$ cat protein19.cif   # mmCIF, C-alpha atoms and all ligand atoms
data_start
#
loop_
_atom_site.group_PDB
_atom_site.id
_atom_site.type_symbol
_atom_site.label_atom_id
_atom_site.label_comp_id
_atom_site.auth_asym_id
_atom_site.auth_seq_id
_atom_site.Cartn_x
_atom_site.Cartn_y
_atom_site.Cartn_z
ATOM 1 C CA MET A 23 -48.790 48.170 52.450
ATOM 2 C CA LYS A 24 -52.448 48.777 53.166
ATOM 3 C CA ILE A 25 -54.903 50.356 50.811
ATOM 4 C CA ASP A 26 -58.281 51.406 52.135
ATOM 5 C CA LEU A 27 -61.115 51.581 49.664
ATOM 6 C CA VAL A 28 -64.396 53.436 49.765
ATOM 7 C CA GLU A 29 -67.102 51.621 47.870
ATOM 8 C CA LEU A 30 -69.538 53.973 46.186
ATOM 9 C CA LYS A 31 -72.904 52.740 45.051
ATOM 10 C CA ILE A 32 -74.972 54.597 42.501
ATOM 11 C CA ASN A 33 -78.263 52.878 41.718
ATOM 12 C CA GLY A 34 -76.741 49.454 42.367
ATOM 13 C CA GLU A 35 -73.590 50.125 40.321
ATOM 14 C CA LYS A 36 -70.397 49.935 42.329
ATOM 15 C CA SER A 37 -67.314 52.032 41.932
ATOM 16 C CA TYR A 38 -64.289 52.538 44.140
ATOM 17 C CA LYS A 39 -62.164 55.335 45.462
ATOM 18 C CA TYR A 40 -59.005 54.732 47.396
ATOM 19 C CA LYS A 41 -57.793 56.685 50.358
ATOM 20 C CA PRO A 42 -54.290 58.188 50.229
ATOM 21 C CA PHE A 43 -51.678 55.540 50.948
ATOM 22 C CA LYS A 44 -47.919 55.189 51.116
ATOM 23 C CA TYR A 45 -46.072 52.845 48.788
ATOM 24 C CA CYS A 46 -43.910 50.237 50.524
ATOM 25 C CA CYS A 47 -40.932 51.188 48.344
ATOM 26 C CA THR A 48 -40.025 53.499 45.464
ATOM 27 C CA LYS A 49 -39.440 50.578 43.067
ATOM 28 C CA MET A 50 -43.078 49.630 43.430
ATOM 29 C CA ARG A 51 -44.249 53.216 43.084
ATOM 30 C CA ASP A 52 -42.191 53.927 39.968
ATOM 31 C CA ASN A 53 -42.693 50.670 38.113
ATOM 32 C CA PRO A 54 -44.587 51.331 34.864
ATOM 33 C CA TYR A 55 -45.838 47.731 34.623
ATOM 34 C CA ILE A 56 -47.754 47.838 37.878
ATOM 35 C CA ASP A 57 -51.168 49.420 38.013
ATOM 36 C CA PHE A 58 -53.847 49.805 40.634
ATOM 37 C CA THR A 59 -56.922 48.737 38.724
ATOM 38 C CA ASN A 60 -60.008 46.562 38.584
ATOM 39 C CA GLU A 61 -60.194 46.331 34.830
ATOM 40 C CA ASN A 62 -59.670 42.955 33.232
ATOM 41 C CA VAL A 63 -58.170 41.447 36.377
ATOM 42 C CA SER A 64 -56.982 37.852 36.042
ATOM 43 C CA SER A 65 -55.769 35.339 38.565
ATOM 44 C CA GLU A 66 -55.322 31.583 38.605
ATOM 45 C CA ASN A 67 -59.074 31.457 39.269
ATOM 46 C CA GLY A 68 -59.938 33.119 35.993
ATOM 47 C CA ASN A 69 -60.796 36.577 34.784
ATOM 48 C CA PHE A 70 -62.901 38.836 36.977
ATOM 49 C CA GLY A 71 -63.705 41.384 34.284
ATOM 50 C CA GLY A 72 -64.488 44.657 36.030
ATOM 51 C CA SER A 73 -66.427 43.169 38.944
ATOM 52 C CA HIS A 74 -63.551 42.759 41.370
ATOM 53 C CA ILE A 75 -62.295 45.371 43.801
ATOM 54 C CA PRO A 76 -59.213 47.209 42.507
ATOM 55 C CA GLN A 77 -55.898 45.446 43.126
ATOM 56 C CA PHE A 78 -52.286 46.011 42.362
ATOM 57 C CA CYS A 79 -51.657 44.228 39.100
ATOM 58 C CA VAL A 80 -48.804 43.488 36.798
ATOM 59 C CA TRP A 81 -50.103 44.018 33.321
ATOM 60 C CA GLU A 82 -49.275 42.042 30.265
ATOM 61 C CA ASP A 83 -49.947 43.371 26.830
ATOM 62 C CA THR A 84 -51.205 40.627 24.542
ATOM 63 C CA PHE A 85 -52.191 41.267 20.944
ATOM 64 C CA GLU A 86 -55.875 41.784 21.585
ATOM 65 C CA ARG A 87 -56.034 43.129 25.101
ATOM 66 C CA VAL A 88 -54.234 43.983 28.296
ATOM 67 C CA ASP A 89 -54.372 41.321 31.016
ATOM 68 C CA ASN A 90 -53.853 42.377 34.602
ATOM 69 C CA PHE A 91 -52.558 39.779 37.035
ATOM 70 C CA PHE A 92 -53.073 40.741 40.607
ATOM 71 C CA ILE A 93 -50.301 40.484 43.153
ATOM 72 C CA ASN A 94 -50.540 40.048 46.924
ATOM 73 C CA PHE A 95 -46.923 40.847 47.654
ATOM 74 C CA CYS A 96 -44.600 43.565 46.449
ATOM 75 C CA PRO A 97 -42.251 41.922 43.913
ATOM 76 C CA PHE A 98 -39.417 44.208 45.038
ATOM 77 C CA CYS A 99 -39.403 44.321 48.819
ATOM 78 C CA GLY A 100 -41.762 41.428 49.563
ATOM 79 C CA GLU A 101 -44.191 43.401 51.681
ATOM 80 C CA LYS A 102 -47.743 42.069 51.825
ATOM 81 C CA ILE A 103 -50.310 44.129 49.943
ATOM 82 C CA GLU A 104 -53.669 44.351 51.648
ATOM 83 C CA VAL A 105 -56.595 45.948 49.883
ATOM 84 C CA SER A 106 -59.858 46.207 51.745
ATOM 85 C CA VAL A 107 -63.143 48.070 51.652
ATOM 86 C CA VAL A 108 -63.325 50.147 54.839
ATOM 87 C CA GLU A 109 -66.338 52.259 54.012
ATOM 88 C CA GLU A 110 -69.467 51.898 51.917
ATOM 89 C CA LYS A 111 -71.476 54.826 50.714
ATOM 90 C CA ASP A 112 -74.693 54.813 48.789
ATOM 91 C CA ILE A 113 -74.611 58.058 46.853
ATOM 92 C CA SER A 114 -77.683 57.365 44.702
ATOM 93 C CA ASP A 115 -79.619 60.211 46.384
ATOM 94 C CA THR A 116 -76.823 62.743 45.952
ATOM 95 C CA TYR A 117 -76.453 61.652 42.367
ATOM 96 C CA LYS A 118 -80.193 61.984 41.776
ATOM 97 C CA LYS A 119 -80.237 65.485 43.272
ATOM 98 C CA LEU A 120 -77.363 66.571 41.061
ATOM 99 C CA GLU A 121 -79.133 65.151 38.069
ATOM 100 C CA GLU A 122 -82.343 67.026 38.940
ATOM 101 C CA LYS A 123 -80.340 70.222 39.355
ATOM 102 C CA ARG A 124 -78.733 69.699 35.985
ATOM 103 C CA ILE A 125 -82.125 69.199 34.334
ATOM 104 C CA PHE A 126 -83.507 72.253 36.160
ATOM 105 C CA LEU A 127 -80.596 74.432 35.043
ATOM 106 C CA ARG A 128 -80.903 73.211 31.496
ATOM 107 C CA LYS A 129 -84.621 74.043 31.435
ATOM 108 C CA LYS A 130 -83.943 77.435 33.010
ATOM 109 C CA SER A 131 -81.306 78.318 30.450
ATOM 110 C CA GLY A 132 -83.691 77.160 27.742
ATOM 111 C CA ILE A 133 -86.351 79.597 28.988
ATOM 112 C CA LEU A 134 -83.845 82.454 29.085
ATOM 113 C CA ILE A 135 -82.725 81.757 25.552
ATOM 114 C CA GLY A 136 -86.372 81.612 24.475
ATOM 115 C CA LYS A 137 -87.133 85.201 25.623
HETATM 116 ZN ZN ZN B 1 -42.150 47.227 47.999
#

$ encode --input "protein19.cif" --output "C-alpha cells"
Amino acid sequence: MKIDLVELKINGEKSYKYKPFKYCCTKMRDNPYIDFTNENVSSENGNFGGSHIPQFCVWEDTFERVDNFFINFCPFCGEKIEVSVVEEKDISDTYKKLEEKRIFLRKKSGILIGK
C-alpha cells in the first residue's frame, strides 16, 4: 500500500495532504483503531509530537491522552505500508493573497455599512 503525500508550506509551517489511495484490504480500511495521522505519534524511538509526516497508526487510549503507534505493515494482510512525500508546495504567496483579499473585503463591507 502506497500513500503519496503533498507537503504544503505556509510561512515555514508544514502541513500535509494525501493523494487518493487504495487500502490493501477491507479489514484495514474498516478498523476503528487505525488512523492516518501525525498527531502524537510514538514509536520505539520516542514521541514525535506533531512534527512527523502522517503515518498509519494504531491508537491507544490512555487516561490522559491518545498515543498513536505507527505501523509499517498491515496487521491483517501483512502488506508493507509506504508513506512518502512526492510533492512539495510552498503556498505562502497564495495564502498571503487570500489574506489580503479577506482584509480588502472586510474594509469594503465596512465602508458600505458606514454609508
Ligand atoms: Zn491489509

$ resolve_selection --input "protein19.cif" --expression "the PyMOL selection byres (((not hetatm)) within 7 of (chain B and resi 1))" --output "short mmCIF file (atom, residue, chain, number, x, y, z; two decimals) with C-alpha atoms, in the coordinates of the input"
data_model
loop_
_atom_site.label_atom_id
_atom_site.label_comp_id
_atom_site.auth_asym_id
_atom_site.auth_seq_id
_atom_site.Cartn_x
_atom_site.Cartn_y
_atom_site.Cartn_z
CA TYR A 45 -46.07 52.84 48.79
CA CYS A 46 -43.91 50.24 50.52
CA CYS A 47 -40.93 51.19 48.34
CA LYS A 49 -39.44 50.58 43.07
CA MET A 50 -43.08 49.63 43.43
CA CYS A 96 -44.60 43.56 46.45
CA PRO A 97 -42.25 41.92 43.91
CA PHE A 98 -39.42 44.21 45.04
CA CYS A 99 -39.40 44.32 48.82
CA GLY A 100 -41.76 41.43 49.56
CA GLU A 101 -44.19 43.40 51.68
#

$ residues_around --input "protein19.cif" --residues "A:Pro42" --least-positions-apart "4" --cutoff "10 Å" --atoms "all atoms listed in the file" --output "list in words"
Ile25, Asp26 and Leu27 of chain A

$ resolve_selection --input "protein19.cif" --expression "the PyMOL selection byres (((chain A and resi 92) around 7) and not hetatm)" --output "ChimeraX atom specification"
/A:63-65,77-80,90-91,93-94

$ closest_residue --input "protein19.cif" --among "A:Phe58, A:Tyr38, A:Trp81, A:Phe95" --to "A:Met23" --atoms "all atoms listed in the file"
A:Phe95

$ resolve_selection --input "protein19.cif" --expression "the PyMOL selection byres (((chain A and resi 55) around 8) and not hetatm)" --output "mmCIF file with C-alpha atoms, in the frame of the given file"
data_model
loop_
_atom_site.group_PDB
_atom_site.id
_atom_site.type_symbol
_atom_site.label_atom_id
_atom_site.label_comp_id
_atom_site.auth_asym_id
_atom_site.auth_seq_id
_atom_site.Cartn_x
_atom_site.Cartn_y
_atom_site.Cartn_z
ATOM 1 C CA ASN A 53 -42.693 50.670 38.113
ATOM 2 C CA PRO A 54 -44.587 51.331 34.864
ATOM 3 C CA ILE A 56 -47.754 47.838 37.878
ATOM 4 C CA ASP A 57 -51.168 49.420 38.013
ATOM 5 C CA VAL A 80 -48.804 43.488 36.798
ATOM 6 C CA TRP A 81 -50.103 44.018 33.321
ATOM 7 C CA GLU A 82 -49.275 42.042 30.265
#

$ atom_distance --input "protein19.cif" --atom1 "atom CA of A:Val108" --atom2 "atom CA of A:Gly68"
25.6 Å

$ atom_distance --input "protein19.cif" --atom1 "atom CA of A:Ser114" --atom2 "atom CA of A:Gly34"
8.3 Å

$ closest_residue --input "protein19.cif" --among "A:Lys123, A:Lys41, A:Lys130, A:Lys102" --to "A:Val28" --atoms "all atoms listed in the file"
A:Lys41

$ atom_distance --input "protein19.cif" --atom1 "atom CA of A:Lys44" --atom2 "atom CA of A:Lys31"
25.8 Å

$ residues_near_point --input "protein19.cif" --point "(-67.2, 50.6, 47.7)" --cutoff "12 Å" --atoms "all atoms listed in the file" --output "ChimeraX atom specification"
/A:26-32,34-41,73-76,105-113

$ closest_residue --input "protein19.cif" --among "A:Thr59, A:Asp83, A:Asn33, A:Asn67" --to "A:Tyr117" --atoms "only C-alpha atoms"
A:Asn33
